[in-house]
>>> print(open('data-v8.cif').read())   # mmCIF, C-alpha atoms; chains and numbers go by the auth columns
data_protein
#
loop_
_atom_site.group_PDB
_atom_site.id
_atom_site.type_symbol
_atom_site.label_atom_id
_atom_site.label_comp_id
_atom_site.label_asym_id
_atom_site.label_seq_id
_atom_site.Cartn_x
_atom_site.Cartn_y
_atom_site.Cartn_z
_atom_site.B_iso_or_equiv
_atom_site.auth_seq_id
_atom_site.auth_asym_id
ATOM 1 C CA MET A 1 118.601 -0.280 -35.980 0.00 1210 A
ATOM 2 C CA ARG A 2 116.686 -2.428 -38.407 0.00 1211 A
ATOM 3 C CA ASP A 3 117.005 -2.157 -42.167 0.00 1212 A
ATOM 4 C CA THR A 4 113.543 -0.608 -42.405 0.00 1213 A
ATOM 5 C CA ASP A 5 114.557 2.052 -39.901 0.00 1214 A
ATOM 6 C CA TRP A 6 117.572 2.887 -42.033 0.00 1215 A
ATOM 7 C CA ALA A 7 115.396 3.055 -45.122 0.00 1216 A
ATOM 8 C CA TRP A 8 112.946 5.437 -43.426 0.00 1217 A
ATOM 9 C CA LEU A 9 115.828 7.564 -42.151 0.00 1218 A
ATOM 10 C CA ALA A 10 117.354 7.721 -45.639 0.00 1219 A
ATOM 11 C CA LEU A 11 113.971 8.625 -47.175 0.00 1220 A
ATOM 12 C CA PHE A 12 113.370 11.298 -44.514 0.00 1221 A
ATOM 13 C CA THR A 13 116.836 12.739 -45.165 0.00 1222 A
ATOM 14 C CA LEU A 14 116.203 12.881 -48.928 0.00 1223 A
ATOM 15 C CA VAL A 15 112.842 14.596 -48.398 0.00 1224 A
ATOM 16 C CA ALA A 16 114.385 17.075 -45.957 0.00 1225 A
ATOM 17 C CA MET A 17 117.229 17.821 -48.400 0.00 1226 A
ATOM 18 C CA ALA A 18 114.779 18.308 -51.257 0.00 1227 A
ATOM 19 C CA THR A 19 112.723 20.627 -49.079 0.00 1228 A
ATOM 20 C CA ILE A 20 115.831 22.637 -48.100 0.00 1229 A
ATOM 21 C CA THR A 21 116.910 22.829 -51.753 0.00 1230 A
ATOM 22 C CA GLU A 22 113.444 23.998 -52.764 0.00 1231 A
ATOM 23 C CA LEU A 23 113.427 26.531 -49.942 0.00 1232 A
ATOM 24 C CA LYS A 24 116.843 27.875 -50.973 0.00 1233 A
ATOM 25 C CA SER A 25 115.651 28.147 -54.556 0.00 1234 A
ATOM 26 C CA ALA A 26 112.445 29.940 -53.566 0.00 1235 A
ATOM 27 C CA VAL A 27 114.309 32.392 -51.325 0.00 1236 A
ATOM 28 C CA ARG A 28 116.858 33.097 -54.069 0.00 1237 A
ATOM 29 C CA GLU A 29 114.148 33.696 -56.678 0.00 1238 A
ATOM 30 C CA THR A 30 112.250 36.007 -54.328 0.00 1239 A
ATOM 31 C CA LEU A 31 115.342 38.027 -53.463 0.00 1240 A
ATOM 32 C CA GLU A 32 116.323 38.283 -57.143 0.00 1241 A
ATOM 33 C CA SER A 33 112.840 39.363 -58.229 0.00 1242 A
ATOM 34 C CA ARG A 34 112.821 42.101 -55.584 0.00 1243 A
ATOM 35 C CA GLY A 35 116.286 43.261 -56.615 0.00 1244 A
ATOM 36 C CA VAL A 36 117.610 42.597 -53.129 0.00 1245 A
ATOM 37 C CA LEU A 37 120.053 39.777 -53.858 0.00 1246 A
ATOM 38 C CA SER A 38 122.561 41.920 -55.755 0.00 1247 A
ATOM 39 C CA GLN A 39 122.341 44.578 -53.029 0.00 1248 A
ATOM 40 C CA LEU A 40 123.034 41.961 -50.362 0.00 1249 A
ATOM 41 C CA LYS A 41 126.013 40.612 -52.279 0.00 1250 A
ATOM 42 C CA ALA A 42 127.393 44.136 -52.741 0.00 1251 A
ATOM 43 C CA ARG A 43 126.846 44.914 -49.059 0.00 1252 A
ATOM 44 C CA ILE A 44 128.669 41.730 -48.024 0.00 1253 A
ATOM 45 C CA ARG A 45 131.585 42.595 -50.321 0.00 1254 A
ATOM 46 C CA ALA A 46 131.715 46.120 -48.861 0.00 1255 A
ATOM 47 C CA GLU A 47 131.680 44.765 -45.302 0.00 1256 A
ATOM 48 C CA VAL A 48 134.389 42.198 -46.091 0.00 1257 A
ATOM 49 C CA PHE A 49 136.499 44.943 -47.676 0.00 1258 A
ATOM 50 C CA SER A 50 135.953 47.161 -44.641 0.00 1259 A
ATOM 51 C CA ALA A 51 136.954 44.353 -42.279 0.00 1260 A
ATOM 52 C CA LEU A 52 140.108 43.594 -44.275 0.00 1261 A
ATOM 53 C CA ASP A 53 141.078 47.212 -44.923 0.00 1262 A
ATOM 54 C CA ASP A 54 144.148 48.122 -42.911 0.00 1263 A
ATOM 55 C CA GLN A 55 143.385 51.579 -41.501 0.00 1264 A
ATOM 56 C CA SER A 56 146.952 51.914 -40.215 0.00 1265 A
ATOM 57 C CA GLU A 57 148.284 51.747 -43.770 0.00 1266 A
ATOM 58 C CA THR A 58 149.010 55.242 -45.020 0.00 1267 A
ATOM 59 C CA ARG A 59 147.572 56.075 -48.407 0.00 1268 A
ATOM 60 C CA PRO A 60 149.198 58.512 -50.799 0.00 1269 A
ATOM 61 C CA ALA A 61 147.779 62.015 -50.747 0.00 1270 A
ATOM 62 C CA LEU A 62 144.693 62.428 -52.898 0.00 1271 A
ATOM 63 C CA SER A 63 145.679 64.612 -55.861 0.00 1272 A
ATOM 64 C CA HIS A 64 143.342 67.318 -57.110 0.00 1273 A
ATOM 65 C CA GLU A 65 142.764 65.395 -60.360 0.00 1274 A
ATOM 66 C CA ASN A 66 141.964 62.169 -58.514 0.00 1275 A
ATOM 67 C CA LEU A 67 139.591 64.072 -56.241 0.00 1276 A
ATOM 68 C CA LEU A 68 137.676 65.320 -59.299 0.00 1277 A
ATOM 69 C CA VAL A 69 137.699 61.972 -61.121 0.00 1278 A
ATOM 70 C CA ASN A 70 136.600 60.090 -58.001 0.00 1279 A
ATOM 71 C CA GLU A 71 133.791 62.580 -57.457 0.00 1280 A
ATOM 72 C CA LEU A 72 132.556 62.179 -61.043 0.00 1281 A
ATOM 73 C CA ILE A 73 132.578 58.412 -60.559 0.00 1282 A
ATOM 74 C CA ARG A 74 130.872 58.641 -57.160 0.00 1283 A
ATOM 75 C CA GLU A 75 128.132 60.884 -58.571 0.00 1284 A
ATOM 76 C CA TYR A 76 127.579 58.352 -61.381 0.00 1285 A
ATOM 77 C CA LEU A 77 127.530 55.386 -58.963 0.00 1286 A
ATOM 78 C CA GLU A 78 125.071 57.025 -56.584 0.00 1287 A
ATOM 79 C CA PHE A 79 122.809 58.175 -59.437 0.00 1288 A
ATOM 80 C CA ASN A 80 122.607 54.559 -60.621 0.00 1289 A
ATOM 81 C CA LYS A 81 122.047 53.365 -57.037 0.00 1290 A
ATOM 82 C CA TYR A 82 125.394 51.531 -56.799 0.00 1291 A
ATOM 83 C CA ARG A 83 125.639 52.763 -53.211 0.00 1292 A
ATOM 84 C CA TYR A 84 127.827 49.986 -51.846 0.00 1293 A
ATOM 85 C CA THR A 85 130.259 50.314 -54.720 0.00 1294 A
ATOM 86 C CA ALA A 86 130.359 54.058 -54.032 0.00 1295 A
ATOM 87 C CA SER A 87 131.040 53.378 -50.345 0.00 1296 A
ATOM 88 C CA VAL A 88 133.982 51.120 -51.242 0.00 1297 A
ATOM 89 C CA LEU A 89 135.331 53.793 -53.624 0.00 1298 A
ATOM 90 C CA THR A 90 135.087 56.416 -50.893 0.00 1299 A
ATOM 91 C CA ALA A 91 136.744 54.215 -48.274 0.00 1300 A
ATOM 92 C CA GLU A 92 139.507 52.935 -50.510 0.00 1301 A
ATOM 93 C CA SER A 93 140.380 56.198 -52.259 0.00 1302 A
ATOM 94 C CA GLY A 94 140.293 58.488 -49.243 0.00 1303 A
ATOM 95 C CA GLN A 95 137.654 60.619 -50.942 0.00 1304 A
ATOM 96 C CA PRO A 96 135.834 62.888 -48.447 0.00 1305 A
ATOM 97 C CA GLU A 97 132.675 61.289 -47.040 0.00 1306 A
ATOM 98 C CA LEU A 98 130.536 64.259 -48.055 0.00 1307 A
ATOM 99 C CA PRO A 99 130.160 64.716 -51.820 0.00 1308 A
ATOM 100 C CA LEU A 100 131.768 67.783 -53.352 0.00 1309 A
ATOM 101 C CA ASP A 101 129.466 70.611 -54.355 0.00 1310 A
ATOM 102 C CA ARG A 102 128.328 70.222 -57.957 0.00 1311 A
ATOM 103 C CA GLN A 103 128.972 73.914 -58.668 0.00 1312 A
ATOM 104 C CA PHE A 104 132.560 73.376 -57.510 0.00 1313 A
ATOM 105 C CA LEU A 105 132.925 70.498 -59.990 0.00 1314 A
ATOM 106 C CA GLU A 106 131.438 72.602 -62.798 0.00 1315 A
ATOM 107 C CA ASN A 107 133.885 75.420 -62.058 0.00 1316 A
ATOM 108 C CA GLU A 108 136.904 73.101 -61.820 0.00 1317 A
ATOM 109 C CA LEU A 109 136.013 71.313 -65.065 0.00 1318 A
ATOM 110 C CA LYS A 110 135.055 74.582 -66.760 0.00 1319 A
ATOM 111 C CA VAL A 111 131.654 73.302 -67.871 0.00 1320 A
ATOM 112 C CA VAL A 112 128.344 75.088 -68.135 0.00 1321 A
ATOM 113 C CA GLU A 113 125.147 73.119 -67.798 0.00 1322 A
ATOM 114 C CA ASP A 114 121.676 73.704 -69.111 0.00 1323 A
ATOM 115 C CA ALA A 115 118.624 72.961 -66.963 0.00 1324 A
ATOM 116 C CA GLY A 116 118.204 69.431 -68.379 0.00 1325 A
ATOM 117 C CA SER A 117 121.764 68.320 -67.711 0.00 1326 A
ATOM 118 C CA LYS A 118 121.575 69.159 -63.996 0.00 1327 A
ATOM 119 C CA SER A 119 119.355 66.125 -63.390 0.00 1328 A
ATOM 120 C CA VAL A 120 122.042 63.621 -64.450 0.00 1329 A
ATOM 121 C CA PRO A 121 125.669 63.097 -63.380 0.00 1330 A
ATOM 122 C CA LEU A 122 128.278 65.374 -64.934 0.00 1331 A
ATOM 123 C CA LEU A 123 130.011 62.304 -66.331 0.00 1332 A
ATOM 124 C CA TYR A 124 127.057 61.729 -68.663 0.00 1333 A
ATOM 125 C CA GLY A 125 127.351 65.284 -69.953 0.00 1334 A
ATOM 126 C CA LEU A 126 131.086 64.929 -70.528 0.00 1335 A
ATOM 127 C CA VAL A 127 130.682 61.655 -72.416 0.00 1336 A
ATOM 128 C CA SER A 128 127.793 63.117 -74.408 0.00 1337 A
ATOM 129 C CA HIS A 129 129.943 66.123 -75.328 0.00 1338 A
ATOM 130 C CA PHE A 130 132.766 63.970 -76.662 0.00 1339 A
ATOM 131 C CA LEU A 131 130.413 61.632 -78.520 0.00 1340 A
ATOM 132 C CA SER A 132 128.563 64.500 -80.187 0.00 1341 A
ATOM 133 C CA SER A 133 131.693 66.524 -80.968 0.00 1342 A
ATOM 134 C CA ARG A 134 133.260 63.657 -82.931 0.00 1343 A
ATOM 135 C CA GLY A 135 131.025 64.454 -85.885 0.00 1344 A
ATOM 136 C CA ASP A 136 131.685 68.202 -85.716 0.00 1345 A
ATOM 137 C CA SER A 137 135.383 68.237 -86.521 0.00 1346 A
ATOM 138 C CA GLY A 138 136.018 64.645 -87.528 0.00 1347 A
ATOM 139 C CA GLY A 139 139.060 64.778 -85.234 0.00 1348 A
ATOM 140 C CA LYS A 140 139.987 63.119 -81.994 0.00 1349 A
ATOM 141 C CA VAL A 141 141.475 64.508 -78.818 0.00 1350 A
ATOM 142 C CA PHE A 142 145.130 63.566 -78.659 0.00 1351 A
ATOM 143 C CA LEU A 143 146.197 61.996 -75.340 0.00 1352 A
ATOM 144 C CA ARG A 144 149.885 61.994 -74.481 0.00 1353 A
ATOM 145 C CA GLY A 145 151.631 60.107 -71.717 0.00 1354 A
ATOM 146 C CA HIS A 146 154.696 61.087 -69.744 0.00 1355 A
ATOM 147 C CA PRO A 147 157.548 58.698 -69.049 0.00 1356 A
ATOM 148 C CA VAL A 148 157.304 59.700 -65.365 0.00 1357 A
ATOM 149 C CA PRO A 149 153.879 59.730 -63.662 0.00 1358 A
ATOM 150 C CA GLY A 150 152.851 63.233 -62.658 0.00 1359 A
ATOM 151 C CA GLY A 151 155.356 64.882 -65.026 0.00 1360 A
ATOM 152 C CA HIS A 152 154.936 68.314 -66.533 0.00 1361 A
ATOM 153 C CA PRO A 153 152.137 68.928 -69.025 0.00 1362 A
ATOM 154 C CA VAL A 154 152.772 69.189 -72.733 0.00 1363 A
ATOM 155 C CA PRO A 155 152.225 72.638 -74.275 0.00 1364 A
ATOM 156 C CA GLY A 156 148.482 73.229 -74.508 0.00 1365 A
ATOM 157 C CA GLY A 157 147.774 70.184 -72.343 0.00 1366 A
ATOM 158 C CA HIS A 158 146.446 69.622 -68.861 0.00 1367 A
ATOM 159 C CA PRO A 159 148.110 67.207 -66.423 0.00 1368 A
ATOM 160 C CA VAL A 160 146.138 64.127 -65.504 0.00 1369 A
ATOM 161 C CA PRO A 161 147.171 61.536 -62.875 0.00 1370 A
ATOM 162 C CA GLY A 162 149.490 58.848 -64.157 0.00 1371 A
ATOM 163 C CA GLY A 163 151.335 61.261 -66.412 0.00 1372 A
ATOM 164 C CA LEU A 164 148.649 61.453 -69.097 0.00 1373 A
ATOM 165 C CA ASN A 165 147.896 64.822 -70.677 0.00 1374 A
ATOM 166 C CA VAL A 166 144.933 65.899 -72.722 0.00 1375 A
ATOM 167 C CA ASP A 167 146.202 68.173 -75.449 0.00 1376 A
ATOM 168 C CA HIS A 168 143.363 70.150 -77.014 0.00 1377 A
ATOM 169 C CA SER A 169 145.639 71.938 -79.497 0.00 1378 A
ATOM 170 C CA ASN A 170 146.334 68.822 -81.556 0.00 1379 A
ATOM 171 C CA THR A 171 143.671 66.686 -83.142 0.00 1380 A
ATOM 172 C CA LEU A 172 144.029 63.528 -85.122 0.00 1381 A
ATOM 173 C CA PRO A 173 142.088 63.146 -88.340 0.00 1382 A
ATOM 174 C CA GLY A 174 138.799 61.307 -88.025 0.00 1383 A
ATOM 175 C CA PRO A 175 137.948 58.116 -89.895 0.00 1384 A
ATOM 176 C CA ASP A 176 136.613 59.971 -92.952 0.00 1385 A
ATOM 177 C CA VAL A 177 139.924 61.726 -93.753 0.00 1386 A
#
>>> encode(input="data-v8.cif", output="structure tokens")
Amino acid sequence: MRDTDWAWLALFTLVAMATITELKSAVRETLESRGVLSQLKARIRAEVFSALDDQSETRPALSHENLLVNELIREYLEFNKYRYTASVLTAESGQPELPLDRQFLENELKVVEDAGSKSVPLLYGLVSHFLSSRGDSGGKVFLRGHPVPGGHPVPGGHPVPGGLNVDHSNTLPGPDV
């Protein structure tokens, strides 16, 4: 090959690379503007997780508390259209594929909803309750841990996975005391 041939080949390669770089950039911008890029990334992560997940590995039994917590999280994720994240949660946690009935969750958590709160996840209502109740009493809910996960609840408390209990009988003074 002559030197001029090499020069033309080098120039052609640079133009082709610039064109590929521009194409990549244009595709990325288009996918981002349509909101598809983050969905694709999440879908790829979910598929990679699924491929790597060892189905023969036995998982610990799903406790009642974890079932409820996972369902609150799943409802939140699906409401916010984090579907692939929800699918990974379901697969990894052993949560049933079909969502639990909302009325069942309300009964288990001993909550009553008004018409407006039924359009959003229960988790929003729970957070809203705790945020708004801070000003009422000025106190805080006292959380206690157990030295052994899954131990017995403290008096007046309710067991939570990991040995943590929510004790509604004791409150700590708020910041204005």
>>> atom_distance(input="data-v8.cif", atom1="atom CA of A:Phe1258", atom2="atom CA of A:Gly1303")
14.2 Å
>>> atom_distance(input="data-v8.cif", atom1="atom CA of A:Pro1330", atom2="atom CA of A:Glu1280")
10.1 Å
>>> resolve_selection(input="data-v8.cif", expression="the PyMOL selection byres ((chain A and resi 1316-1324) around 12)", output="list in words")
His1273, Glu1274, Leu1276, Leu1277, Val1278, Glu1280, Leu1281, Leu1309, Asp1310, Arg1311, Gln1312, Phe1313, Leu1314, Glu1315, Gly1325, Ser1326, Lys1327, Ser1328, Val1329, Pro1330, Leu1331, Leu1332, Tyr1333, Gly1334, Leu1335, His1338 and His1367 of chain A
>>> residues_around(input="data-v8.cif", residues="A:Leu1286", least_positions_apart="4", cutoff="10 Å", atoms="all atoms listed in the file", output="VMD selection string")
chain A and resid 1280 to 1282 1290 to 1296 1298 1330
>>> atom_distance(input="data-v8.cif", atom1="atom CA of A:Leu1246", atom2="atom CA of A:Glu1301")
23.7 Å
